[in-house]
$ cat protein.cif   # mmCIF, C-alpha atoms and all ligand atoms
data_model
#
loop_
_atom_site.label_atom_id
_atom_site.label_comp_id
_atom_site.auth_asym_id
_atom_site.auth_seq_id
_atom_site.Cartn_x
_atom_site.Cartn_y
_atom_site.Cartn_z
CA MET A 284 -57.44 -47.80 -5.06
CA PRO A 285 -57.49 -46.06 -1.70
CA GLU A 286 -60.04 -43.34 -1.21
CA ARG A 287 -58.48 -39.95 -1.49
CA SER A 288 -59.09 -37.07 0.79
CA ARG A 289 -60.38 -34.06 -1.09
CA HIS A 290 -58.80 -31.65 1.33
CA ASP A 291 -55.92 -31.03 -1.03
CA ASP A 292 -54.38 -27.65 -1.53
CA SER A 293 -54.79 -25.67 -4.70
CA ASP A 294 -52.31 -27.79 -6.62
CA THR A 295 -54.61 -30.77 -6.77
CA MET A 296 -57.57 -29.16 -8.43
CA ASP A 297 -57.99 -31.95 -10.91
CA ARG A 298 -60.36 -34.57 -9.59
CA THR A 299 -59.10 -37.49 -11.57
CA HIS A 300 -57.97 -40.57 -9.70
CA HIS A 301 -54.28 -40.80 -9.09
CA ASP A 302 -52.24 -43.64 -7.93
CA ALA A 303 -51.53 -43.08 -4.25
CA THR A 304 -47.80 -42.91 -4.74
CA THR A 305 -47.93 -40.35 -7.49
CA THR A 306 -50.14 -38.10 -5.45
CA ALA A 307 -48.08 -38.54 -2.32
CA ARG A 308 -44.90 -37.85 -4.18
CA ARG A 309 -46.19 -34.69 -5.76
CA ARG A 310 -47.55 -33.38 -2.48
CA GLU A 311 -44.26 -34.11 -0.84
CA SER A 312 -42.31 -32.07 -3.34
CA ASP A 313 -44.81 -29.25 -2.94
CA THR A 314 -44.28 -29.03 0.78
CA ASP A 315 -40.54 -29.36 0.48
CA THR A 316 -38.90 -26.05 1.21
CA ASP A 317 -35.33 -27.37 1.28
CA ARG A 318 -32.99 -27.50 -1.65
CA ASP A 319 -33.48 -30.67 -3.63
CA PRO A 320 -31.43 -33.18 -1.64
CA GLU A 321 -29.77 -36.00 -3.44
CA THR A 322 -31.70 -39.23 -3.79
CA VAL A 323 -29.72 -42.14 -2.36
CA LEU A 324 -32.18 -44.97 -2.91
CA GLU A 325 -35.07 -45.16 -5.30
CA LEU A 326 -37.69 -47.84 -5.79
CA ASP A 327 -39.73 -47.53 -8.93
CA GLY A 328 -42.80 -49.71 -9.46
CA VAL A 329 -41.37 -52.55 -7.39
CA VAL A 330 -43.48 -55.72 -7.30
CA LYS A 331 -42.73 -58.78 -5.19
CA GLU A 332 -45.02 -61.76 -5.46
CA TYR A 333 -45.12 -64.94 -3.45
CA ALA A 334 -47.10 -67.95 -4.58
CA ALA A 335 -50.22 -66.98 -2.69
CA GLU A 336 -50.07 -63.22 -2.75
CA THR A 337 -48.52 -59.95 -3.81
CA ALA A 338 -46.41 -58.75 -0.88
CA VAL A 339 -45.26 -55.54 -2.56
CA ASP A 340 -47.44 -53.99 -5.24
CA SER A 341 -45.98 -51.36 -7.62
CA LEU A 342 -44.23 -49.55 -4.84
CA SER A 343 -42.34 -46.35 -5.61
CA LEU A 344 -40.34 -44.45 -3.04
CA SER A 345 -37.28 -42.18 -2.90
CA VAL A 346 -34.96 -41.92 0.06
CA ARG A 347 -32.96 -38.70 0.33
CA GLU A 348 -29.41 -38.22 1.46
CA GLY A 349 -29.06 -38.06 5.24
CA GLU A 350 -32.71 -38.63 6.09
CA LEU A 351 -34.34 -41.18 8.35
CA LEU A 352 -37.37 -42.49 6.53
CA THR A 353 -39.72 -44.90 8.27
CA LEU A 354 -41.98 -47.43 6.57
CA LEU A 355 -45.06 -47.57 8.78
CA GLY A 356 -47.97 -49.95 8.40
CA PRO A 357 -49.86 -52.86 9.90
CA SER A 358 -48.41 -56.34 10.15
CA GLY A 359 -48.31 -58.09 6.79
CA CYS A 360 -48.48 -54.93 4.66
CA GLY A 361 -45.09 -55.63 3.04
CA LYS A 362 -42.63 -53.56 5.08
CA THR A 363 -40.04 -56.30 5.62
CA THR A 364 -40.28 -57.46 2.01
CA THR A 365 -39.68 -53.89 0.85
CA LEU A 366 -36.64 -53.57 3.11
CA ARG A 367 -35.27 -56.93 1.95
CA THR A 368 -35.67 -55.82 -1.65
CA MET A 369 -33.68 -52.68 -0.86
CA ALA A 370 -30.93 -54.82 0.68
CA GLY A 371 -30.84 -57.31 -2.19
CA LEU A 372 -32.09 -60.21 -0.07
CA GLU A 373 -35.16 -60.41 -2.33
CA ARG A 374 -35.24 -59.74 -6.01
CA PRO A 375 -38.19 -57.84 -7.42
CA ASP A 376 -40.53 -59.49 -9.94
CA ALA A 377 -40.95 -56.11 -11.61
CA GLY A 378 -39.71 -52.57 -11.17
CA THR A 379 -36.30 -51.10 -10.47
CA VAL A 380 -34.16 -50.43 -7.42
CA ARG A 381 -31.53 -47.70 -7.77
CA LEU A 382 -28.81 -47.12 -5.23
CA GLY A 383 -26.62 -44.05 -5.61
CA GLY A 384 -28.01 -43.55 -9.12
CA GLU A 385 -27.13 -47.06 -10.31
CA VAL A 386 -29.67 -49.76 -11.04
CA VAL A 387 -28.99 -52.55 -8.54
CA ALA A 388 -32.08 -54.61 -9.34
CA ASP A 389 -34.70 -54.99 -12.04
CA GLU A 390 -36.53 -57.91 -13.67
CA THR A 391 -33.35 -59.19 -15.26
CA HIS A 392 -30.66 -58.89 -12.61
CA SER A 393 -30.07 -58.18 -8.94
CA VAL A 394 -26.80 -57.18 -7.28
CA ASN A 395 -26.03 -59.35 -4.24
CA PRO A 396 -26.36 -57.79 -0.78
CA GLU A 397 -22.60 -57.99 -0.15
CA ASN A 398 -21.96 -55.96 -3.31
CA ARG A 399 -24.33 -53.17 -2.29
CA ASP A 400 -23.17 -50.54 0.19
CA VAL A 401 -26.04 -51.33 2.49
CA GLY A 402 -25.92 -51.83 6.26
CA LEU A 403 -28.48 -53.98 8.03
CA VAL A 404 -29.52 -53.91 11.67
CA PHE A 405 -31.36 -57.05 12.60
CA GLN A 406 -34.21 -57.28 15.09
CA ASP A 407 -32.26 -59.61 17.38
CA PHE A 408 -29.06 -57.56 16.87
CA ALA A 409 -27.23 -60.74 15.72
CA LEU A 410 -24.01 -60.05 17.64
CA PHE A 411 -21.24 -62.65 17.76
CA PRO A 412 -21.46 -63.94 21.34
CA HIS A 413 -17.82 -65.05 21.54
CA LEU A 414 -16.40 -61.73 20.29
CA THR A 415 -15.87 -58.62 22.38
CA VAL A 416 -17.70 -55.37 21.72
CA ALA A 417 -14.66 -53.98 19.85
CA GLU A 418 -14.26 -57.19 17.82
CA ASN A 419 -17.95 -57.15 16.91
CA VAL A 420 -17.67 -53.59 15.66
CA ALA A 421 -14.44 -54.36 13.76
CA PHE A 422 -16.00 -57.38 12.06
CA GLY A 423 -17.12 -55.58 8.92
CA LEU A 424 -13.85 -53.65 8.48
CA THR A 425 -12.06 -56.28 6.43
CA GLU A 426 -10.28 -53.86 4.15
CA ALA A 427 -8.73 -51.57 6.77
CA ASP A 428 -5.29 -52.17 8.33
CA GLU A 429 -4.92 -52.68 12.06
CA ALA A 430 -4.28 -49.04 12.98
CA GLU A 431 -7.15 -47.80 10.84
CA THR A 432 -9.50 -50.46 12.23
CA ASP A 433 -8.53 -49.46 15.76
CA ARG A 434 -9.14 -45.80 15.05
CA ARG A 435 -12.52 -46.48 13.45
CA VAL A 436 -13.67 -48.80 16.26
CA SER A 437 -12.78 -46.17 18.88
CA GLU A 438 -14.60 -43.50 16.94
CA LEU A 439 -17.74 -45.65 16.68
CA LEU A 440 -17.69 -46.76 20.31
CA ASP A 441 -17.44 -43.11 21.22
CA LEU A 442 -20.42 -42.33 18.99
CA VAL A 443 -22.59 -45.00 20.60
CA ASP A 444 -21.30 -44.18 24.07
CA LEU A 445 -19.70 -47.56 24.75
CA SER A 446 -16.01 -46.67 25.00
CA GLY A 447 -15.93 -48.09 28.50
CA HIS A 448 -17.19 -51.50 27.29
CA ARG A 449 -14.64 -52.29 24.57
CA ASP A 450 -13.68 -55.65 25.99
CA ALA A 451 -17.06 -56.80 27.27
CA THR A 452 -18.85 -59.67 25.55
CA PRO A 453 -22.50 -59.27 24.45
CA ASP A 454 -23.86 -61.31 27.37
CA GLU A 455 -22.40 -58.73 29.77
CA LEU A 456 -24.42 -55.93 28.19
CA SER A 457 -27.97 -54.65 28.61
CA GLY A 458 -30.46 -54.75 25.73
CA GLY A 459 -29.91 -51.09 24.93
CA GLN A 460 -26.12 -51.54 24.92
CA ARG A 461 -26.38 -54.55 22.62
CA GLN A 462 -28.47 -52.51 20.23
CA ARG A 463 -25.81 -49.79 20.22
CA VAL A 464 -23.11 -52.35 19.41
CA ALA A 465 -25.21 -53.65 16.51
CA LEU A 466 -25.63 -50.11 15.25
CA ALA A 467 -21.90 -49.36 15.53
CA ARG A 468 -21.07 -52.57 13.68
CA SER A 469 -23.44 -51.73 10.81
CA LEU A 470 -22.11 -48.17 10.59
CA ALA A 471 -18.43 -49.22 10.65
CA PRO A 472 -18.02 -49.82 6.88
CA GLU A 473 -19.76 -46.47 6.17
CA PRO A 474 -22.70 -47.84 4.18
CA ASP A 475 -24.56 -45.62 1.70
CA ILE A 476 -27.72 -46.55 3.51
CA LEU A 477 -28.64 -48.30 6.75
CA LEU A 478 -31.74 -50.49 6.95
CA LEU A 479 -33.39 -51.27 10.28
CA ASP A 480 -36.30 -53.71 10.58
CA GLU A 481 -38.41 -53.12 13.71
CA PRO A 482 -35.22 -52.13 15.58
CA PHE A 483 -36.94 -51.64 18.94
CA SER A 484 -39.16 -54.72 19.03
CA ASN A 485 -36.78 -56.70 21.23
CA LEU A 486 -36.53 -54.04 23.91
CA ASP A 487 -38.91 -53.61 26.81
CA VAL A 488 -41.36 -50.75 26.57
CA ARG A 489 -39.49 -48.22 28.72
CA LEU A 490 -36.17 -48.86 27.04
CA ARG A 491 -37.84 -48.58 23.64
CA VAL A 492 -38.69 -44.92 24.14
CA GLU A 493 -35.22 -44.15 25.44
CA MET A 494 -33.50 -46.03 22.62
CA ARG A 495 -35.49 -44.40 19.86
CA GLU A 496 -34.11 -41.01 20.86
CA GLU A 497 -30.65 -42.51 21.18
CA VAL A 498 -30.78 -44.28 17.81
CA ARG A 499 -31.94 -41.12 16.11
CA ARG A 500 -29.09 -39.17 17.70
CA ILE A 501 -26.55 -41.76 16.56
CA LEU A 502 -27.86 -41.87 12.98
CA LYS A 503 -27.88 -38.08 12.77
CA GLU A 504 -24.38 -37.76 14.21
CA ALA A 505 -23.12 -40.41 11.82
CA GLY A 506 -24.89 -38.52 9.00
CA VAL A 507 -26.08 -41.79 7.50
CA THR A 508 -29.15 -42.22 5.30
CA ALA A 509 -31.50 -44.73 6.92
CA VAL A 510 -34.75 -46.59 6.35
CA SER A 511 -36.44 -48.11 9.36
CA VAL A 512 -39.57 -50.22 9.59
CA THR A 513 -42.23 -50.23 12.27
CA HIS A 514 -45.92 -50.90 12.91
CA ASP A 515 -45.87 -48.42 15.82
CA GLN A 516 -47.23 -45.04 14.74
CA GLU A 517 -45.90 -43.17 17.76
CA GLU A 518 -42.41 -44.49 17.11
CA ALA A 519 -42.59 -43.56 13.43
CA LEU A 520 -43.90 -40.05 14.11
CA SER A 521 -41.34 -39.36 16.83
CA ILE A 522 -38.09 -40.52 15.21
CA SER A 523 -38.51 -39.95 11.47
CA ASP A 524 -37.70 -37.14 9.10
CA ARG A 525 -40.33 -38.61 6.80
CA VAL A 526 -42.87 -41.39 7.17
CA ALA A 527 -44.14 -43.62 4.36
CA VAL A 528 -47.48 -45.09 5.38
CA MET A 529 -47.98 -48.51 3.81
CA ASN A 530 -51.12 -50.53 3.27
CA ASP A 531 -51.49 -53.73 1.35
CA GLY A 532 -48.13 -53.65 -0.42
CA ARG A 533 -48.35 -49.99 -1.41
CA VAL A 534 -47.28 -46.63 -0.08
CA GLU A 535 -50.45 -44.61 0.61
CA GLN A 536 -48.75 -41.41 1.68
CA VAL A 537 -45.26 -40.15 2.33
CA GLY A 538 -44.33 -36.94 4.09
CA ARG A 539 -43.07 -35.26 7.20
CA PRO A 540 -44.66 -36.70 10.37
CA GLU A 541 -46.77 -33.60 11.02
CA SER A 542 -47.87 -33.50 7.41
CA VAL A 543 -49.14 -37.11 7.29
CA PHE A 544 -50.76 -36.73 10.70
CA GLU A 545 -52.50 -33.44 10.00
CA HIS A 546 -53.32 -34.02 6.34
CA PRO A 547 -53.99 -37.72 5.91
CA GLU A 548 -54.90 -38.36 2.30
CA SER A 549 -56.98 -41.43 2.95
CA ARG A 550 -59.19 -42.84 5.70
CA PHE A 551 -56.63 -45.55 6.16
CA VAL A 552 -53.83 -43.09 6.90
CA ALA A 553 -56.11 -41.03 9.16
CA SER A 554 -57.07 -44.07 11.21
CA PHE A 555 -53.65 -45.64 11.34
CA LEU A 556 -51.98 -42.49 12.66
CA GLY A 557 -54.08 -42.01 15.75
CA GLN A 558 -57.68 -42.06 16.91
CA ALA A 559 -59.91 -40.99 14.07
CA GLY A 560 -63.64 -40.35 14.10
CA PHE A 561 -65.71 -39.47 11.06
CA LEU A 562 -68.78 -37.24 10.99
CA SER A 563 -71.29 -38.12 8.27
CA ALA A 564 -71.86 -34.68 6.79
CA ARG A 565 -73.53 -33.05 3.82
CA SER A 566 -72.24 -30.07 1.92
CA GLU A 567 -75.05 -27.58 1.27
CA GLU A 568 -75.04 -24.14 -0.31
CA GLY A 569 -72.91 -22.07 2.13
CA THR A 570 -72.88 -24.56 4.97
CA VAL A 571 -71.88 -28.06 5.99
CA VAL A 572 -74.52 -29.99 7.88
CA THR A 573 -73.14 -32.42 10.45
CA PRO A 574 -74.63 -34.43 13.32
CA ILE A 575 -73.10 -31.93 15.78
CA GLY A 576 -74.30 -28.77 14.04
CA ASN A 577 -73.55 -26.76 10.93
CA PHE A 578 -70.03 -25.65 10.02
CA ALA A 579 -68.87 -22.89 7.73
CA PRO A 580 -67.43 -24.53 4.58
CA GLN A 581 -64.11 -22.73 5.24
CA ARG A 582 -63.52 -25.05 8.19
CA LEU A 583 -63.06 -27.93 5.76
CA ASN A 584 -59.76 -28.06 3.95
CA GLY A 585 -60.23 -27.17 0.28
CA LEU A 586 -63.99 -27.65 0.17
CA THR A 587 -65.38 -25.89 -2.92
CA THR A 588 -68.91 -25.06 -4.02
CA GLU A 589 -68.49 -27.85 -6.54
CA TYR A 590 -69.36 -30.22 -3.70
CA ALA A 591 -72.67 -28.56 -2.76
CA GLY A 592 -75.31 -31.24 -2.43
CA THR A 593 -72.92 -34.11 -1.80
CA ASP A 594 -72.27 -36.29 1.22
CA LEU A 595 -68.85 -36.35 2.82
CA ASP A 596 -67.11 -37.72 5.91
CA VAL A 597 -65.26 -35.23 8.09
CA LEU A 598 -62.22 -36.37 10.06
CA VAL A 599 -62.29 -35.40 13.73
CA ARG A 600 -59.60 -36.38 16.24
CA PRO A 601 -60.12 -36.47 20.03
CA ASP A 602 -58.47 -33.09 20.59
CA ASP A 603 -60.82 -31.46 18.05
CA LEU A 604 -63.96 -32.21 20.05
CA ARG A 605 -65.39 -31.45 23.48
CA ALA A 606 -68.39 -33.03 25.18
CA THR A 607 -70.70 -31.27 27.66
CA VAL A 608 -73.36 -33.09 29.66
CA VAL A 609 -76.80 -31.64 28.78
CA GLU A 610 -80.51 -32.50 28.98
CA GLU A 611 -81.57 -35.41 26.81
CA SER A 612 -83.55 -33.08 24.52
CA GLU A 613 -80.45 -30.99 23.69
CA ALA A 614 -78.02 -33.87 23.29
CA ASP A 615 -76.11 -34.87 20.15
CA GLY A 616 -75.43 -38.34 21.54
CA HIS A 617 -74.34 -40.39 24.54
CA ILE A 618 -71.04 -41.32 26.16
CA VAL A 619 -70.49 -45.01 25.50
CA HIS A 620 -66.91 -45.49 26.66
CA ARG A 621 -64.25 -43.79 28.73
CA GLN A 622 -60.53 -44.34 28.35
CA TYR A 623 -58.20 -43.02 31.04
CA THR A 624 -54.74 -42.24 29.69
CA GLY A 625 -53.27 -40.52 32.76
CA PRO A 626 -53.06 -36.93 31.59
CA SER A 627 -56.47 -37.11 29.94
CA PHE A 628 -59.75 -38.93 29.50
CA VAL A 629 -60.85 -39.89 26.02
CA TYR A 630 -64.63 -40.26 25.82
CA ARG A 631 -66.22 -42.19 23.03
CA VAL A 632 -69.55 -40.69 22.06
CA GLU A 633 -72.17 -42.37 19.92
CA LEU A 634 -74.04 -39.67 18.05
CA HIS A 635 -77.76 -40.04 17.31
CA ASN A 636 -77.04 -41.07 13.71
CA GLY A 637 -74.66 -43.83 14.86
CA ASP A 638 -71.35 -42.01 14.15
CA LEU A 639 -68.67 -42.72 16.74
CA VAL A 640 -66.36 -39.88 17.74
CA HIS A 641 -63.81 -39.32 20.51
CA CYS A 642 -63.55 -36.29 22.77
CA GLN A 643 -60.41 -35.63 24.76
CA HIS A 644 -60.73 -33.96 28.15
CA ASN A 645 -58.41 -32.97 30.95
CA HIS A 646 -57.87 -35.76 33.51
CA VAL A 647 -60.04 -34.00 36.09
CA GLU A 648 -63.08 -33.70 33.82
CA GLU A 649 -64.76 -36.95 34.66
CA LEU A 650 -68.05 -37.57 32.83
CA ASP A 651 -70.24 -40.61 33.40
CA ILE A 652 -70.82 -43.31 30.84
CA GLY A 653 -74.37 -43.21 29.47
CA LYS A 654 -74.80 -39.46 29.94
CA PRO A 655 -76.40 -37.39 27.17
CA VAL A 656 -73.89 -34.89 25.79
CA ARG A 657 -73.60 -32.05 23.35
CA VAL A 658 -70.45 -32.29 21.25
CA GLU A 659 -68.67 -29.17 20.05
CA LEU A 660 -65.93 -28.66 17.56
CA ASP A 661 -62.91 -26.99 19.12
CA ALA A 662 -60.26 -27.12 16.40
CA ASP A 663 -57.91 -24.34 15.37
CA HIS A 664 -57.08 -25.99 12.04
CA THR A 665 -59.07 -26.90 8.97
CA LEU A 666 -60.50 -30.41 8.88
CA ALA A 667 -59.72 -33.15 6.39
CA TRP A 668 -62.65 -34.84 4.68
CA TYR A 669 -63.33 -37.75 2.39
CA PRO A 670 -65.93 -38.70 -0.17
CA PRO A 671 -68.49 -41.14 1.22
CA ARG A 672 -67.72 -44.82 1.32
CA ASP A 673 -69.43 -47.03 -1.19
CA GLY A 674 -71.43 -49.62 0.74
CA GLU A 675 -69.15 -52.63 1.11
CA GLU A 676 -66.50 -52.65 3.77
CA SER A 677 -63.01 -52.15 2.37
CA ALA A 678 -59.76 -53.58 3.66
CA THR A 679 -58.91 -50.06 4.71
CA GLU A 680 -61.84 -49.91 7.07
CA ARG A 681 -61.21 -53.30 8.52
CA VAL A 682 -57.69 -52.29 9.45
CA SER A 683 -58.70 -48.90 10.77
CA ASP A 684 -61.38 -50.49 12.94
CA SER A 685 -58.83 -52.80 14.44
CA VAL A 686 -56.52 -49.95 15.40
CA ARG A 687 -59.26 -47.92 17.00
CA PRO A 688 -59.69 -48.52 20.71
CA ARG A 689 -62.44 -50.97 21.61
P1 LIG A 701 -44.62 -56.82 7.25
O1 LIG A 701 -43.14 -56.74 7.45
O2 LIG A 701 -45.24 -55.51 6.89
O3 LIG A 701 -45.32 -57.44 8.41
P2 LIG A 701 -43.98 -58.75 5.20
O4 LIG A 701 -43.22 -58.01 4.17
O5 LIG A 701 -43.22 -59.61 6.12
O6 LIG A 701 -44.93 -57.76 6.00
O7 LIG A 701 -45.03 -59.68 4.44
C1 LIG A 701 -45.94 -59.18 3.47
C2 LIG A 701 -46.80 -60.35 3.00
O8 LIG A 701 -46.02 -61.27 2.25
C3 LIG A 701 -47.39 -61.12 4.16
O9 LIG A 701 -48.72 -61.46 3.86
C4 LIG A 701 -46.52 -62.33 4.26
O10 LIG A 701 -47.26 -63.44 4.72
C5 LIG A 701 -46.05 -62.54 2.83
N1 LIG A 701 -44.69 -63.11 2.81
C6 LIG A 701 -43.57 -62.49 3.28
N2 LIG A 701 -42.48 -63.25 3.09
C7 LIG A 701 -42.92 -64.39 2.48
C8 LIG A 701 -42.27 -65.58 1.99
N3 LIG A 701 -40.96 -65.76 2.09
N4 LIG A 701 -43.07 -66.52 1.40
C9 LIG A 701 -44.39 -66.33 1.27
N5 LIG A 701 -45.06 -65.25 1.69
C10 LIG A 701 -44.35 -64.27 2.29
MG MG A 702 -41.97 -57.22 9.16
#

$ encode --input "protein.cif" --output "structure tokens"
Amino acid sequence: MPERSRHDDSDTMDRTHHDATTTARRRESDTDTDRDPETVLELDGVVKEYAAETAVDSLSLSVREGELLTLLGPSGCGKTTTLRTMAGLERPDAGTVRLGGEVVADETHSVNPENRDVGLVFQDFALFPHLTVAENVAFGLTEADEAETDRRVSELLDLVDLSGHRDATPDELSGGQRQRVALARSLAPEPDILLLDEPFSNLDVRLRVEMREEVRRILKEAGVTAVSVTHDQEEALSISDRVAVMNDGRVEQVGRPESVFEHPESRFVASFLGQAGFLSARSEEGTVVTPIGNFAPQRLNGLTTEYAGTDLDVLVRPDDLRATVVEESEADGHIVHRQYTGPSFVYRVELHNGDLVHCQHNHVEELDIGKPVRVELDADHTLAWYPPRDGEESATERVSDSVRPR
């Protein structure tokens, strides 16, 4: 059971424990201002076990018509297995998969991949080397006549901006062009849903950023519903309509990128989606005592008087904090590390109580390592917070430690 943030809005007044997915789903519908879009794909309580472990653990998720939803999580958390279950390449040990309202898999049966209207884009693009670009794209159009195939291929090559490369073979193309051919080929039969597993992992870093904008444009222009998978939080936040953050075979939170980033419901989500520091705080009558001074309770999202007298951890990101070099006697802690990112410096500060936090400064504000500093909160939003951890280190913390900078 992941720890839940208690920052929730008024709807989650009950303090009972909820399964992560249930909570995430309800929050999602609360923040949804659109009309209720049609659900294209739905996983309900899906479990997939291998001999040694549970790869997917009671996972529930809905994918809406026309959206690009990204499964984001660390390596081994079950993203690929989930995608393969959607495609019909794996059959679930429990739970149901619905595609276009019909059950395509449950404990008793599973519709084969070729009988589901699902498109797959493989990591290595899997193009036929001996076929031309046009022939690759036409490959899946077995039911169309020649004229129709020709029309569709031209339309798709236009969409992916490769009309001038119709007759080229894959070895004559760049990595980005090969990816666009793979995309056009998967889109050709007009699948109900397109599944992409780590689609940018075979591209070099510069091309990756360029191609993620391009792939998003193509998917949106095609109007296709898509699920992509990545372990890269920046990629997920930048291309997706919604992000489902996975940990240990489960979805911990699903929502719009800005919603999961700004209102992470667990420490895991907070740490996985960027640099996260936690202040060990205590809620008192009318104030919150922290190692960098006292805050008004209103600065913490949804903190009620009910929590007076309890300990809590307050989430602070680098852009929420500023460090100023001061005399030792006035300091809150010391600078222990400096990370230069180009536009900014991120200073890691060890506070007197041992808490580690990050402070982001303009690239010209160079502070020396070892200096005593005062740390101030400079956030124009309310802060998320979490109940204290219970002693032993959880899997969540191990992962979040590994994604923090050294
Ligand atoms: P991800 O894509 O998030 O990296 P995967 O879905 O590939 O994760 O794997 C989830 C877990 O299931 C991993 O621990 C992995 O070792 C295990 N796993 C995946 N596929 C198999 C398989 N065919 N046989 C046994 N274990 C598997
Ligand atoms: Mg994978």

$ residues_around --input "protein.cif" --residues "Lys503 (chain A)" --least-positions-apart "6" --cutoff "10 Å" --atoms "all atoms listed in the file" --output "list in words"
Gly349, Glu350, Leu351, Glu497 and Ala509 of chain A

$ residues_around --input "protein.cif" --residues "Glu611 (chain A)" --least-positions-apart "3" --cutoff "10 Å" --atoms "all atoms listed in the file" --output "list in words"
Val608, Ala614, Asp615, Gly616, His617, Lys654, Pro655, Val656 and Arg657 of chain A

$ closest_atom_pairs --input "protein.cif" --of "chain A" --to "ligand MG 702 (chain A)" --cutoff "9 Å" --atoms "all atoms listed in the file" --output "JSON lines"
{"residue": "A:Ser358", "atom": "CA", "partner": "A:MG702", "partner_atom": "MG", "distance": 6.6}
{"residue": "A:Gly359", "atom": "CA", "partner": "A:MG702", "partner_atom": "MG", "distance": 6.8}
{"residue": "A:Cys360", "atom": "CA", "partner": "A:MG702", "partner_atom": "MG", "distance": 8.2}
{"residue": "A:Gly361", "atom": "CA", "partner": "A:MG702", "partner_atom": "MG", "distance": 7.1}
{"residue": "A:Lys362", "atom": "CA", "partner": "A:MG702", "partner_atom": "MG", "distance": 5.5}
{"residue": "A:Thr363", "atom": "CA", "partner": "A:MG702", "partner_atom": "MG", "distance": 4.1}
{"residue": "A:Thr364", "atom": "CA", "partner": "A:MG702", "partner_atom": "MG", "distance": 7.4}
{"residue": "A:Leu366", "atom": "CA", "partner": "A:MG702", "partner_atom": "MG", "distance": 8.9}
{"residue": "A:Asp480", "atom": "CA", "partner": "A:MG702", "partner_atom": "MG", "distance": 6.8}
{"residue": "A:Glu481", "atom": "CA", "partner": "A:MG702", "partner_atom": "MG", "distance": 7.1}
{"residue": "A:Val512", "atom": "CA", "partner": "A:MG702", "partner_atom": "MG", "distance": 7.4}
{"residue": "A:Thr513", "atom": "CA", "partner": "A:MG702", "partner_atom": "MG", "distance": 7.7}
{"residue": "A:His514", "atom": "CA", "partner": "A:MG702", "partner_atom": "MG", "distance": 8.3}

$ residues_near_ligand --input "protein.cif" --ligand "ligand LIG 701 (chain A)" --cutoff "12 Å" --atoms "all atoms listed in the file" --output "CSV table (one decimal) with C-alpha atoms, in the frame of the given file"
chain,number,residue,atom,x,y,z
A,330,VAL,CA,-43.5,-55.7,-7.3
A,331,LYS,CA,-42.7,-58.8,-5.2
A,332,GLU,CA,-45.0,-61.8,-5.5
A,333,TYR,CA,-45.1,-64.9,-3.4
A,334,ALA,CA,-47.1,-68.0,-4.6
A,335,ALA,CA,-50.2,-67.0,-2.7
A,336,GLU,CA,-50.1,-63.2,-2.8
A,337,THR,CA,-48.5,-60.0,-3.8
A,338,ALA,CA,-46.4,-58.8,-0.9
A,339,VAL,CA,-45.3,-55.5,-2.6
A,340,ASP,CA,-47.4,-54.0,-5.2
A,354,LEU,CA,-42.0,-47.4,6.6
A,355,LEU,CA,-45.1,-47.6,8.8
A,356,GLY,CA,-48.0,-50.0,8.4
A,357,PRO,CA,-49.9,-52.9,9.9
A,358,SER,CA,-48.4,-56.3,10.2
A,359,GLY,CA,-48.3,-58.1,6.8
A,360,CYS,CA,-48.5,-54.9,4.7
A,361,GLY,CA,-45.1,-55.6,3.0
A,362,LYS,CA,-42.6,-53.6,5.1
A,363,THR,CA,-40.0,-56.3,5.6
A,364,THR,CA,-40.3,-57.5,2.0
A,365,THR,CA,-39.7,-53.9,0.8
A,366,LEU,CA,-36.6,-53.6,3.1
A,367,ARG,CA,-35.3,-56.9,2.0
A,368,THR,CA,-35.7,-55.8,-1.6
A,372,LEU,CA,-32.1,-60.2,-0.1
A,373,GLU,CA,-35.2,-60.4,-2.3
A,374,ARG,CA,-35.2,-59.7,-6.0
A,406,GLN,CA,-34.2,-57.3,15.1
A,479,LEU,CA,-33.4,-51.3,10.3
A,480,ASP,CA,-36.3,-53.7,10.6
A,481,GLU,CA,-38.4,-53.1,13.7
A,511,SER,CA,-36.4,-48.1,9.4
A,512,VAL,CA,-39.6,-50.2,9.6
A,513,THR,CA,-42.2,-50.2,12.3
A,514,HIS,CA,-45.9,-50.9,12.9
A,515,ASP,CA,-45.9,-48.4,15.8
A,528,VAL,CA,-47.5,-45.1,5.4
A,529,MET,CA,-48.0,-48.5,3.8
A,530,ASN,CA,-51.1,-50.5,3.3
A,531,ASP,CA,-51.5,-53.7,1.4
A,532,GLY,CA,-48.1,-53.6,-0.4
A,533,ARG,CA,-48.4,-50.0,-1.4
A,534,VAL,CA,-47.3,-46.6,-0.1

$ residues_around --input "protein.cif" --residues "Ala606 (chain A)" --least-positions-apart "4" --cutoff "9 Å" --atoms "only C-alpha atoms" --output "list in words"
Ile618, Tyr630, Val632, Cys642, Gln643, His644, Leu650, Val656, Arg657, Val658 and Glu659 of chain A

$ closest_residue --input "protein.cif" --among "A:Asp524, A:Glu348, A:Glu493, A:Glu649" --to "Tyr623 (chain A)" --atoms "only C-alpha atoms"
A:Glu649

$ closest_residue --input "protein.cif" --among "A:Leu466, A:Leu562, A:Leu583, A:Leu382" --to "Ala662 (chain A)" --atoms "all atoms listed in the file"
A:Leu583
